[in-house]
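Asker: Got a file for you: data_12.pdb, PDB, N, CA and C atoms, pLDDT in the B column.
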```pdb
ATOM      1  N   TRP A  12      89.635 105.585  72.586  1.00 43.00           N
ATOM      2  CA  TRP A  12      88.980 106.537  71.707  1.00 43.00           C
ATOM      3  C   TRP A  12      87.534 106.112  71.577  1.00 43.00           C
ATOM      4  N   LEU A  13      86.651 107.066  71.634  1.00 50.00           N
ATOM      5  CA  LEU A  13      85.237 106.751  71.521  1.00 50.00           C
ATOM      6  C   LEU A  13      84.685 107.391  70.265  1.00 50.00           C
ATOM      7  N   PRO A  14      83.669 106.778  69.675  1.00 51.00           N
ATOM      8  CA  PRO A  14      83.063 107.398  68.510  1.00 51.00           C
ATOM      9  C   PRO A  14      82.334 108.662  68.912  1.00 51.00           C
ATOM     10  N   SER A  15      82.046 109.488  67.947  1.00 51.00           N
ATOM     11  CA  SER A  15      81.298 110.705  68.221  1.00 51.00           C
ATOM     12  C   SER A  15      79.903 110.358  68.686  1.00 51.00           C
ATOM     13  N   PRO A  16      79.459 111.002  69.781  1.00 52.00           N
ATOM     14  CA  PRO A  16      78.086 110.761  70.203  1.00 52.00           C
ATOM     15  C   PRO A  16      77.129 111.351  69.181  1.00 52.00           C
ATOM     16  N   ARG A  17      75.928 110.862  69.164  1.00 51.00           N
ATOM     17  CA  ARG A  17      74.925 111.337  68.218  1.00 51.00           C
ATOM     18  C   ARG A  17      73.995 112.332  68.887  1.00 51.00           C
ATOM     19  N   GLN A  18      73.686 113.391  68.179  1.00 48.00           N
ATOM     20  CA  GLN A  18      72.694 114.333  68.644  1.00 48.00           C
ATOM     21  C   GLN A  18      71.330 113.776  68.290  1.00 48.00           C
ATOM     22  N   PRO A  19      70.277 114.285  68.940  1.00 49.00           N
ATOM     23  CA  PRO A  19      68.942 113.873  68.503  1.00 49.00           C
ATOM     24  C   PRO A  19      68.811 114.120  67.005  1.00 49.00           C
ATOM     25  N   GLY A  20      68.242 113.188  66.299  1.00 46.00           N
ATOM     26  CA  GLY A  20      68.157 113.302  64.849  1.00 46.00           C
ATOM     27  C   GLY A  20      69.272 112.554  64.157  1.00 46.00           C
ATOM     28  N   GLY A  21      70.249 112.034  64.916  1.00 45.00           N
ATOM     29  CA  GLY A  21      71.264 111.170  64.352  1.00 45.00           C
ATOM     30  C   GLY A  21      72.495 111.850  63.789  1.00 45.00           C
ATOM     31  N   THR A  22      72.657 113.157  63.981  1.00 37.00           N
ATOM     32  CA  THR A  22      73.855 113.800  63.462  1.00 37.00           C
ATOM     33  C   THR A  22      74.983 113.659  64.474  1.00 37.00           C
ATOM     34  N   ALA A  23      76.163 113.348  63.991  1.00 42.00           N
ATOM     35  CA  ALA A  23      77.303 113.129  64.885  1.00 42.00           C
ATOM     36  C   ALA A  23      77.828 114.446  65.413  1.00 42.00           C
ATOM     37  N   ARG A  24      78.241 114.439  66.667  1.00 42.00           N
ATOM     38  CA  ARG A  24      78.911 115.588  67.255  1.00 42.00           C
ATOM     39  C   ARG A  24      80.394 115.290  67.267  1.00 42.00           C
ATOM     40  N   PRO A  25      81.226 116.292  67.010  1.00 38.00           N
ATOM     41  CA  PRO A  25      82.662 116.041  67.079  1.00 38.00           C
ATOM     42  C   PRO A  25      83.063 115.705  68.509  1.00 38.00           C
ATOM     43  N   ALA A  26      83.966 114.760  68.661  1.00 50.00           N
ATOM     44  CA  ALA A  26      84.419 114.368  69.999  1.00 50.00           C
ATOM     45  C   ALA A  26      85.913 114.565  70.106  1.00 50.00           C
ATOM     46  N   GLY A  27      86.343 115.039  71.249  1.00 57.00           N
ATOM     47  CA  GLY A  27      87.768 115.128  71.503  1.00 57.00           C
ATOM     48  C   GLY A  27      88.304 113.749  71.854  1.00 57.00           C
ATOM     49  N   THR A  28      89.591 113.632  71.859  1.00 82.00           N
ATOM     50  CA  THR A  28      90.216 112.367  72.214  1.00 82.00           C
ATOM     51  C   THR A  28      90.308 112.277  73.728  1.00 82.00           C
ATOM     52  N   LEU A  29      89.829 111.193  74.278  1.00 89.00           N
ATOM     53  CA  LEU A  29      89.908 110.986  75.718  1.00 89.00           C
ATOM     54  C   LEU A  29      91.238 110.335  76.076  1.00 89.00           C
ATOM     55  N   SER A  30      91.776 110.743  77.215  1.00 92.00           N
ATOM     56  CA  SER A  30      92.997 110.114  77.716  1.00 92.00           C
ATOM     57  C   SER A  30      92.661 108.718  78.233  1.00 92.00           C
ATOM     58  N   ALA A  31      93.687 107.945  78.483  1.00 92.00           N
ATOM     59  CA  ALA A  31      93.481 106.595  79.020  1.00 92.00           C
ATOM     60  C   ALA A  31      92.733 106.653  80.350  1.00 92.00           C
ATOM     61  N   ARG A  32      93.072 107.591  81.204  1.00 96.00           N
ATOM     62  CA  ARG A  32      92.398 107.714  82.499  1.00 96.00           C
ATOM     63  C   ARG A  32      90.943 108.147  82.311  1.00 96.00           C
ATOM     64  N   GLU A  33      90.700 109.069  81.381  1.00 95.00           N
ATOM     65  CA  GLU A  33      89.323 109.488  81.111  1.00 95.00           C
ATOM     66  C   GLU A  33      88.494 108.309  80.610  1.00 95.00           C
ATOM     67  N   LEU A  34      89.088 107.460  79.795  1.00 93.00           N
ATOM     68  CA  LEU A  34      88.385 106.261  79.338  1.00 93.00           C
ATOM     69  C   LEU A  34      88.055 105.341  80.512  1.00 93.00           C
ATOM     70  N   GLN A  35      88.990 105.197  81.462  1.00 95.00           N
ATOM     71  CA  GLN A  35      88.721 104.390  82.654  1.00 95.00           C
ATOM     72  C   GLN A  35      87.549 104.969  83.433  1.00 95.00           C
ATOM     73  N   VAL A  36      87.562 106.278  83.627  1.00 97.00           N
ATOM     74  CA  VAL A  36      86.491 106.943  84.365  1.00 97.00           C
ATOM     75  C   VAL A  36      85.165 106.771  83.627  1.00 97.00           C
ATOM     76  N   ALA A  37      85.176 106.955  82.314  1.00 95.00           N
ATOM     77  CA  ALA A  37      83.951 106.801  81.533  1.00 95.00           C
ATOM     78  C   ALA A  37      83.387 105.398  81.670  1.00 95.00           C
ATOM     79  N   LYS A  38      84.251 104.393  81.641  1.00 94.00           N
ATOM     80  CA  LYS A  38      83.791 103.012  81.789  1.00 94.00           C
ATOM     81  C   LYS A  38      83.186 102.781  83.166  1.00 94.00           C
ATOM     82  N   LEU A  39      83.784 103.351  84.191  1.00 97.00           N
ATOM     83  CA  LEU A  39      83.247 103.195  85.543  1.00 97.00           C
ATOM     84  C   LEU A  39      81.918 103.930  85.703  1.00 97.00           C
ATOM     85  N   ILE A  40      81.740 105.014  84.975  1.00 96.00           N
ATOM     86  CA  ILE A  40      80.441 105.697  84.970  1.00 96.00           C
ATOM     87  C   ILE A  40      79.376 104.753  84.432  1.00 96.00           C
ATOM     88  N   THR A  41      79.722 103.975  83.395  1.00 94.00           N
ATOM     89  CA  THR A  41      78.743 103.038  82.824  1.00 94.00           C
ATOM     90  C   THR A  41      78.367 101.950  83.827  1.00 94.00           C
ATOM     91  N   GLU A  42      79.240 101.678  84.787  1.00 95.00           N
ATOM     92  CA  GLU A  42      78.952 100.690  85.821  1.00 95.00           C
ATOM     93  C   GLU A  42      78.103 101.275  86.944  1.00 95.00           C
ATOM     94  N   GLY A  43      77.782 102.570  86.834  1.00 95.00           N
ATOM     95  CA  GLY A  43      76.924 103.211  87.816  1.00 95.00           C
ATOM     96  C   GLY A  43      77.645 103.747  89.039  1.00 95.00           C
ATOM     97  N   LEU A  44      78.976 103.821  88.972  1.00 97.00           N
ATOM     98  CA  LEU A  44      79.731 104.311  90.121  1.00 97.00           C
ATOM     99  C   LEU A  44      79.664 105.832  90.209  1.00 97.00           C
ATOM    100  N   SER A  45      79.599 106.338  91.430  1.00 97.00           N
ATOM    101  CA  SER A  45      79.639 107.778  91.679  1.00 97.00           C
ATOM    102  C   SER A  45      81.100 108.248  91.613  1.00 97.00           C
ATOM    103  N   ASN A  46      81.290 109.565  91.591  1.00 97.00           N
ATOM    104  CA  ASN A  46      82.656 110.084  91.570  1.00 97.00           C
ATOM    105  C   ASN A  46      83.464 109.631  92.777  1.00 97.00           C
ATOM    106  N   PRO A  47      82.907 109.663  94.010  1.00 98.00           N
ATOM    107  CA  PRO A  47      83.701 109.161  95.145  1.00 98.00           C
ATOM    108  C   PRO A  47      84.048 107.673  95.004  1.00 98.00           C
ATOM    109  N   GLU A  48      83.131 106.888  94.474  1.00 98.00           N
ATOM    110  CA  GLU A  48      83.402 105.458  94.283  1.00 98.00           C
ATOM    111  C   GLU A  48      84.478 105.243  93.215  1.00 98.00           C
ATOM    112  N   ILE A  49      84.429 106.040  92.156  1.00 98.00           N
ATOM    113  CA  ILE A  49      85.455 105.959  91.107  1.00 98.00           C
ATOM    114  C   ILE A  49      86.818 106.318  91.697  1.00 98.00           C
ATOM    115  N   ALA A  50      86.846 107.356  92.537  1.00 98.00           N
ATOM    116  CA  ALA A  50      88.101 107.777  93.167  1.00 98.00           C
ATOM    117  C   ALA A  50      88.705 106.643  93.981  1.00 98.00           C
ATOM    118  N   VAL A  51      87.878 105.950  94.748  1.00 98.00           N
ATOM    119  CA  VAL A  51      88.373 104.827  95.556  1.00 98.00           C
ATOM    120  C   VAL A  51      88.862 103.709  94.639  1.00 98.00           C
ATOM    121  N   ARG A  52      88.087 103.374  93.631  1.00 98.00           N
ATOM    122  CA  ARG A  52      88.445 102.273  92.717  1.00 98.00           C
ATOM    123  C   ARG A  52      89.776 102.545  92.030  1.00 98.00           C
ATOM    124  N   LEU A  53      90.004 103.798  91.607  1.00 98.00           N
ATOM    125  CA  LEU A  53      91.224 104.132  90.864  1.00 98.00           C
ATOM    126  C   LEU A  53      92.338 104.662  91.772  1.00 98.00           C
ATOM    127  N   ASP A  54      92.044 104.788  93.066  1.00 98.00           N
ATOM    128  CA  ASP A  54      93.011 105.302  94.036  1.00 98.00           C
ATOM    129  C   ASP A  54      93.529 106.684  93.636  1.00 98.00           C
ATOM    130  N   ILE A  55      92.575 107.567  93.326  1.00 98.00           N
ATOM    131  CA  ILE A  55      92.889 108.953  93.003  1.00 98.00           C
ATOM    132  C   ILE A  55      91.935 109.854  93.788  1.00 98.00           C
ATOM    133  N   ALA A  56      92.251 111.136  93.851  1.00 98.00           N
ATOM    134  CA  ALA A  56      91.418 112.083  94.588  1.00 98.00           C
ATOM    135  C   ALA A  56      90.079 112.295  93.883  1.00 98.00           C
ATOM    136  N   LYS A  57      89.032 112.523  94.686  1.00 98.00           N
ATOM    137  CA  LYS A  57      87.715 112.772  94.119  1.00 98.00           C
ATOM    138  C   LYS A  57      87.743 113.998  93.208  1.00 98.00           C
ATOM    139  N   ARG A  58      88.495 115.031  93.583  1.00 98.00           N
ATOM    140  CA  ARG A  58      88.550 116.233  92.742  1.00 98.00           C
ATOM    141  C   ARG A  58      89.174 115.919  91.379  1.00 98.00           C
ATOM    142  N   THR A  59      90.066 114.930  91.346  1.00 98.00           N
ATOM    143  CA  THR A  59      90.648 114.504  90.072  1.00 98.00           C
ATOM    144  C   THR A  59      89.591 113.818  89.222  1.00 98.00           C
ATOM    145  N   VAL A  60      88.777 112.975  89.847  1.00 98.00           N
ATOM    146  CA  VAL A  60      87.672 112.332  89.127  1.00 98.00           C
ATOM    147  C   VAL A  60      86.709 113.394  88.612  1.00 98.00           C
ATOM    148  N   ASP A  61      86.387 114.373  89.467  1.00 98.00           N
ATOM    149  CA  ASP A  61      85.484 115.460  89.058  1.00 98.00           C
ATOM    150  C   ASP A  61      86.016 116.150  87.796  1.00 98.00           C
ATOM    151  N   ALA A  62      87.324 116.398  87.778  1.00 98.00           N
ATOM    152  CA  ALA A  62      87.939 117.047  86.614  1.00 98.00           C
ATOM    153  C   ALA A  62      87.857 116.151  85.385  1.00 98.00           C
ATOM    154  N   HIS A  63      88.104 114.855  85.564  1.00 97.00           N
ATOM    155  CA  HIS A  63      88.005 113.927  84.431  1.00 97.00           C
ATOM    156  C   HIS A  63      86.581 113.889  83.884  1.00 97.00           C
ATOM    157  N   VAL A  64      85.597 113.866  84.768  1.00 97.00           N
ATOM    158  CA  VAL A  64      84.200 113.837  84.316  1.00 97.00           C
ATOM    159  C   VAL A  64      83.881 115.120  83.541  1.00 97.00           C
ATOM    160  N   ARG A  65      84.315 116.268  84.043  1.00 97.00           N
ATOM    161  CA  ARG A  65      84.096 117.530  83.315  1.00 97.00           C
ATOM    162  C   ARG A  65      84.746 117.469  81.929  1.00 97.00           C
ATOM    163  N   ASN A  66      85.963 116.931  81.864  1.00 96.00           N
ATOM    164  CA  ASN A  66      86.659 116.826  80.576  1.00 96.00           C
ATOM    165  C   ASN A  66      85.926 115.889  79.621  1.00 96.00           C
ATOM    166  N   ILE A  67      85.456 114.770  80.129  1.00 95.00           N
ATOM    167  CA  ILE A  67      84.723 113.815  79.295  1.00 95.00           C
ATOM    168  C   ILE A  67      83.472 114.471  78.726  1.00 95.00           C
ATOM    169  N   LEU A  68      82.727 115.157  79.591  1.00 95.00           N
ATOM    170  CA  LEU A  68      81.507 115.830  79.139  1.00 95.00           C
ATOM    171  C   LEU A  68      81.830 116.877  78.072  1.00 95.00           C
ATOM    172  N   ALA A  69      82.868 117.673  78.315  1.00 93.00           N
ATOM    173  CA  ALA A  69      83.241 118.729  77.365  1.00 93.00           C
ATOM    174  C   ALA A  69      83.738 118.153  76.047  1.00 93.00           C
ATOM    175  N   LYS A  70      84.625 117.168  76.112  1.00 90.00           N
ATOM    176  CA  LYS A  70      85.189 116.591  74.893  1.00 90.00           C
ATOM    177  C   LYS A  70      84.138 115.872  74.061  1.00 90.00           C
ATOM    178  N   GLY A  71      83.168 115.268  74.735  1.00 88.00           N
ATOM    179  CA  GLY A  71      82.126 114.538  74.019  1.00 88.00           C
ATOM    180  C   GLY A  71      80.934 115.388  73.648  1.00 88.00           C
ATOM    181  N   GLY A  72      80.917 116.638  74.112  1.00 90.00           N
ATOM    182  CA  GLY A  72      79.763 117.483  73.864  1.00 90.00           C
ATOM    183  C   GLY A  72      78.522 116.920  74.548  1.00 90.00           C
ATOM    184  N   LEU A  73      78.727 116.328  75.716  1.00 93.00           N
ATOM    185  CA  LEU A  73      77.659 115.646  76.441  1.00 93.00           C
ATOM    186  C   LEU A  73      77.191 116.503  77.605  1.00 93.00           C
ATOM    187  N   ALA A  74      75.964 116.229  78.069  1.00 94.00           N
ATOM    188  CA  ALA A  74      75.384 117.031  79.134  1.00 94.00           C
ATOM    189  C   ALA A  74      75.204 116.275  80.442  1.00 94.00           C
ATOM    190  N   SER A  75      75.353 114.951  80.433  1.00 95.00           N
ATOM    191  CA  SER A  75      75.083 114.187  81.651  1.00 95.00           C
ATOM    192  C   SER A  75      75.891 112.896  81.692  1.00 95.00           C
ATOM    193  N   ARG A  76      75.956 112.318  82.879  1.00 94.00           N
ATOM    194  CA  ARG A  76      76.612 111.028  83.064  1.00 94.00           C
ATOM    195  C   ARG A  76      75.862 109.938  82.309  1.00 94.00           C
ATOM    196  N   THR A  77      74.546 110.080  82.203  1.00 94.00           N
ATOM    197  CA  THR A  77      73.743 109.118  81.449  1.00 94.00           C
ATOM    198  C   THR A  77      74.183 109.103  79.990  1.00 94.00           C
ATOM    199  N   GLN A  78      74.450 110.280  79.433  1.00 94.00           N
ATOM    200  CA  GLN A  78      74.933 110.349  78.051  1.00 94.00           C
ATOM    201  C   GLN A  78      76.323 109.741  77.930  1.00 94.00           C
ATOM    202  N   VAL A  79      77.163 109.940  78.935  1.00 93.00           N
ATOM    203  CA  VAL A  79      78.495 109.322  78.919  1.00 93.00           C
ATOM    204  C   VAL A  79      78.345 107.805  78.880  1.00 93.00           C
ATOM    205  N   ALA A  80      77.477 107.278  79.740  1.00 91.00           N
ATOM    206  CA  ALA A  80      77.271 105.829  79.789  1.00 91.00           C
ATOM    207  C   ALA A  80      76.762 105.301  78.460  1.00 91.00           C
ATOM    208  N   ALA A  81      75.815 106.007  77.845  1.00 91.00           N
ATOM    209  CA  ALA A  81      75.283 105.576  76.549  1.00 91.00           C
ATOM    210  C   ALA A  81      76.364 105.641  75.481  1.00 91.00           C
ATOM    211  N   TRP A  82      77.180 106.677  75.520  1.00 88.00           N
ATOM    212  CA  TRP A  82      78.262 106.865  74.550  1.00 88.00           C
ATOM    213  C   TRP A  82      79.243 105.697  74.632  1.00 88.00           C
ATOM    214  N   VAL A  83      79.639 105.344  75.852  1.00 86.00           N
ATOM    215  CA  VAL A  83      80.582 104.244  76.039  1.00 86.00           C
ATOM    216  C   VAL A  83      79.934 102.922  75.636  1.00 86.00           C
ATOM    217  N   ALA A  84      78.681 102.733  76.035  1.00 83.00           N
ATOM    218  CA  ALA A  84      77.985 101.481  75.727  1.00 83.00           C
ATOM    219  C   ALA A  84      77.842 101.261  74.224  1.00 83.00           C
ATOM    220  N   GLU A  85      77.691 102.331  73.461  1.00 81.00           N
ATOM    221  CA  GLU A  85      77.540 102.232  72.007  1.00 81.00           C
ATOM    222  C   GLU A  85      78.869 102.085  71.276  1.00 81.00           C
ATOM    223  N   SER A  86      79.968 102.271  72.000  1.00 76.00           N
ATOM    224  CA  SER A  86      81.287 102.262  71.364  1.00 76.00           C
ATOM    225  C   SER A  86      81.907 100.869  71.398  1.00 76.00           C
ATOM    226  N   ASP A  87      82.990 100.731  70.677  1.00 61.00           N
ATOM    227  CA  ASP A  87      83.772  99.493  70.708  1.00 61.00           C
ATOM    228  C   ASP A  87      84.625  99.418  71.962  1.00 61.00           C
ATOM    229  N   TYR A  88      84.682 100.510  72.728  1.00 58.00           N
ATOM    230  CA  TYR A  88      85.525 100.537  73.923  1.00 58.00           C
ATOM    231  C   TYR A  88      85.125  99.443  74.895  1.00 58.00           C
ATOM    232  N   GLN A  89      83.837  99.207  75.096  1.00 50.00           N
ATOM    233  CA  GLN A  89      83.397  98.202  76.051  1.00 50.00           C
ATOM    234  C   GLN A  89      83.960  96.825  75.695  1.00 50.00           C
ATOM    235  N   SER A  90      83.918  96.475  74.414  1.00 47.00           N
ATOM    236  CA  SER A  90      84.400  95.150  74.019  1.00 47.00           C
ATOM    237  C   SER A  90      85.924  95.076  74.001  1.00 47.00           C
ATOM    238  N   ALA A  91      86.580  96.229  73.976  1.00 45.00           N
ATOM    239  CA  ALA A  91      88.038  96.255  73.912  1.00 45.00           C
ATOM    240  C   ALA A  91      88.676  96.145  75.286  1.00 45.00           C
ATOM    241  N   THR A  92      87.879  96.229  76.358  1.00 45.00           N
ATOM    242  CA  THR A  92      88.460  96.193  77.694  1.00 45.00           C
ATOM    243  C   THR A  92      88.106  94.922  78.409  1.00 45.00           C
TER     244      THR A  92
END
```
Let me see whether you can do it: turn the structure in this file into structure tokens.

Answerer:
Amino acid sequence: WLPSPRQPGGTARPAGTLSARELQVAKLITEGLSNPEIAVRLDIAKRTVDAHVRNILAKGGLASRTQVAAWVAESDYQSAT
């Protein structure tokens, strides 16, 4: 589970609950891996990674992979893994 990302100005955006696999994908995004690299690392299809990334962006109200990385980096998730 990740905390709600912050909008400019510091107001929290509601976040959906990420699945365990989505959390794995989000963490790998923070490591700078591309979707094909994530697919190889997790031994899943690239289209599955693409779907997970879309879900992460939608659930977090985020617009980019950079925002996903910042969201994960600011959360307790990094220290919990």

Asker: Name the residues in contact with Val36 of chain A at a cut-off of 8 Å, using all atoms listed in the file, excluding same-chain residues fewer than 5 positions from it; report them as a PyMOL selection string.

Answerer: chain A and resi 30-31+41-42+49+60+63-64

Asker: As an exercise, work out the distance from atom N of Ala74 of chain A to atom N of Lys38 of chain A in Å and give it to one decimal place.

Answerer: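 Answer for the atom N of Ala74 of chain A to atom N of Lys38 of chain A separation: 14.9 Å.
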
Asker: Could you please determine the separation between atom C of Asp61 of chain A and atom CA of Ala81 of chain A in Å, to one decimal place?

Answerer: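 Atom-to-atom, atom C of Asp61 of chain A and atom CA of Ala81 of chain A are spaced 18.8 Å apart.
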
Asker: Provide the atom C of Glu48 of chain A to atom N of Arg32 of chain A distance in Å, to one decimal place.

Answerer: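 Distance between the two atoms: 15.0 Å.
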
Asker: Between A:Glu85, A:Thr28, A:Leu53, A:Leu44, which is the closest to Gly72 of chain A once you count only C-alpha atoms?

Answerer: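 Nearest candidate to Gly72 of chain A out of A:Glu85, A:Thr28, A:Leu53, A:Leu44: A:Thr28.
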